[in-house]
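Enquirer: Can you keep this structure in mind? I'll have questions shortly.
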Amino acid sequence: MLSTTESTSLYNNLELMSVRELLTNINNEDKTVPYAVEKAIPQIEALVEQIVVRMKQGGRLFYIGAGTSGRLGVVDASECPPTYGVPFDLVIGIMAGGDQAIRKAVENAEDDPNQAWIDLLEYEIDELDSLIGIAASGRTPYVIGGLEKARQAGVLTGCIVCNTGSAVAAAAEFPVEVVVGPEFVTGSTRMKAGTAQKLALNMISTSVMIQLGRVKGNKMVDMQMTNYKLVQRAIRMVREELPYLSIEEAQGLLDAHGSVRNAVEAGRKP
């Protein structure tokens, strides 16, 4: 049976369309993605709640995937330290073929069902950790094998797939199935499926970090101030909490204490 992600596009003769028609039709398809994600919220909720329990006990979060799916996991993981001030090894993205595959596809890397577990063992993954397999098709051997071995080892397992009844979902304790339908270009899962996976990853990592106390109010109070824009944002955040401070005083607190959270706490002390 043909999977949804491989089913024929609802559009034909794409090469005959004008640029405006192409853009409009792609956008029309993209509009359907958030609604597909919405249907999966109960599954995402169940997964997040389990991840939070383990991470509060010192566990880490891993992503594994191949191709676009793997790259999306790497991106999400890499954004957690600067955004939330967490250690670089708290959320870890691993993709088939290694880091070189981020820029250039590695032949047959996703076809080895044993390699993901080998990759995970380099990080000494254990039962406090959580693993999310990302695979639009739901049939990537690299991801299936990794989830199966991790589950046997007592690791919490989840997944993000874009087909129902997939082997990847069967291998995970907490599957998330976001079915977005046929792609505009038949089988090009970097499009709607990739967007759906990105949205789900945003929801998972953001809600986990909030649950771990890395956001106060609606502010990234532990963010890393790595450029001018972020320094200015941090100054504004400090002054919103401590409006009696000058820009220079807020800057001084940030320089001395290293984060918005610590600067505000220090500025409130008598």
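The chains in the structure tokens are called A, B, ... from first to last as shown; in each chain the residues are counted from 1, and the ligands are counted from 1 in the order shown.
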Taking only residues of region 197-236 of chain A that have an atom at most 6 Å from an atom of region 69-84 of chain A, what is each one's shortest atom pair and its distance in Å to one decimal, using only C-alpha atoms, in chain and number order, as CSV?
Expert:
residue,atom,partner,partner_atom,distance
A:Arg214,CA,A:Tyr84,CA,5.8
A:Asp222,CA,A:Tyr84,CA,5.2
A:Met223,CA,A:Thr83,CA,4.7
A:Gln224,CA,A:Pro82,CA,4.8
Enquirer: Can you pull out every residue within 12 Å of Glu248 (chain A), counting only C-alpha atoms, but drop anything in the same chain fewer than 2 positions away, and send it as a PDB file with N, CA and C atoms, in the first residue's frame?
Expert:
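And here's around_29.pdb as it stands now:
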ATOM      1  N   GLN A 232      21.141  43.800  23.685  1.00  0.00           N
ATOM      2  CA  GLN A 232      20.134  44.858  23.808  1.00  0.00           C
ATOM      3  C   GLN A 232      18.800  44.295  24.293  1.00  0.00           C
ATOM      4  N   ILE A 235      19.152  43.774  28.030  1.00  0.00           N
ATOM      5  CA  ILE A 235      19.058  45.041  28.768  1.00  0.00           C
ATOM      6  C   ILE A 235      17.593  45.446  28.922  1.00  0.00           C
ATOM      7  N   ARG A 236      16.822  45.335  27.842  1.00  0.00           N
ATOM      8  CA  ARG A 236      15.396  45.682  27.917  1.00  0.00           C
ATOM      9  C   ARG A 236      14.675  44.795  28.923  1.00  0.00           C
ATOM     10  N   VAL A 238      15.898  43.259  31.571  1.00  0.00           N
ATOM     11  CA  VAL A 238      16.269  43.637  32.934  1.00  0.00           C
ATOM     12  C   VAL A 238      15.541  44.908  33.353  1.00  0.00           C
ATOM     13  N   ARG A 239      15.482  45.880  32.471  1.00  0.00           N
ATOM     14  CA  ARG A 239      14.850  47.167  32.810  1.00  0.00           C
ATOM     15  C   ARG A 239      13.333  47.052  32.927  1.00  0.00           C
ATOM     16  N   TYR A 244      13.716  51.148  37.432  1.00  0.00           N
ATOM     17  CA  TYR A 244      14.467  52.262  38.000  1.00  0.00           C
ATOM     18  C   TYR A 244      15.933  52.253  37.567  1.00  0.00           C
ATOM     19  N   LEU A 245      16.369  51.199  36.879  1.00  0.00           N
ATOM     20  CA  LEU A 245      17.761  51.123  36.432  1.00  0.00           C
ATOM     21  C   LEU A 245      17.964  51.881  35.125  1.00  0.00           C
ATOM     22  N   SER A 246      19.125  52.473  34.979  1.00  0.00           N
ATOM     23  CA  SER A 246      19.505  53.062  33.693  1.00  0.00           C
ATOM     24  C   SER A 246      20.001  51.956  32.768  1.00  0.00           C
ATOM     25  N   ALA A 250      21.819  48.473  33.997  1.00  0.00           N
ATOM     26  CA  ALA A 250      21.369  47.148  33.569  1.00  0.00           C
ATOM     27  C   ALA A 250      22.493  46.398  32.878  1.00  0.00           C
ATOM     28  N   GLN A 251      23.220  47.109  32.025  1.00  0.00           N
ATOM     29  CA  GLN A 251      24.357  46.502  31.344  1.00  0.00           C
ATOM     30  C   GLN A 251      25.400  46.017  32.356  1.00  0.00           C
ATOM     31  N   GLY A 252      25.644  46.808  33.379  1.00  0.00           N
ATOM     32  CA  GLY A 252      26.609  46.434  34.397  1.00  0.00           C
ATOM     33  C   GLY A 252      26.207  45.176  35.144  1.00  0.00           C
ATOM     34  N   LEU A 253      24.920  45.049  35.454  1.00  0.00           N
ATOM     35  CA  LEU A 253      24.434  43.839  36.130  1.00  0.00           C
ATOM     36  C   LEU A 253      24.582  42.614  35.237  1.00  0.00           C
ATOM     37  N   LEU A 254      24.278  42.779  33.969  1.00  0.00           N
ATOM     38  CA  LEU A 254      24.424  41.662  33.027  1.00  0.00           C
ATOM     39  C   LEU A 254      25.883  41.251  32.889  1.00  0.00           C
ATOM     40  N   ASP A 255      26.766  42.228  32.816  1.00  0.00           N
ATOM     41  CA  ASP A 255      28.200  41.925  32.700  1.00  0.00           C
ATOM     42  C   ASP A 255      28.696  41.177  33.934  1.00  0.00           C
TER      43      ASP A 255
END
Enquirer: As an exercise, work out the distance from CA of Gln57 (chain A) to CA of Met203 (chain A) in Å and give it to one decimal place.
Expert: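 Between CA of Gln57 (chain A) and CA of Met203 (chain A) the gap works out to 21.2 Å.
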Enquirer: Just asking: which residues within region 62-98 of chain A are helix (DSSP H, G or I) according to DSSP, as a VMD selection string?
Expert: chain A and resid 67 to 84
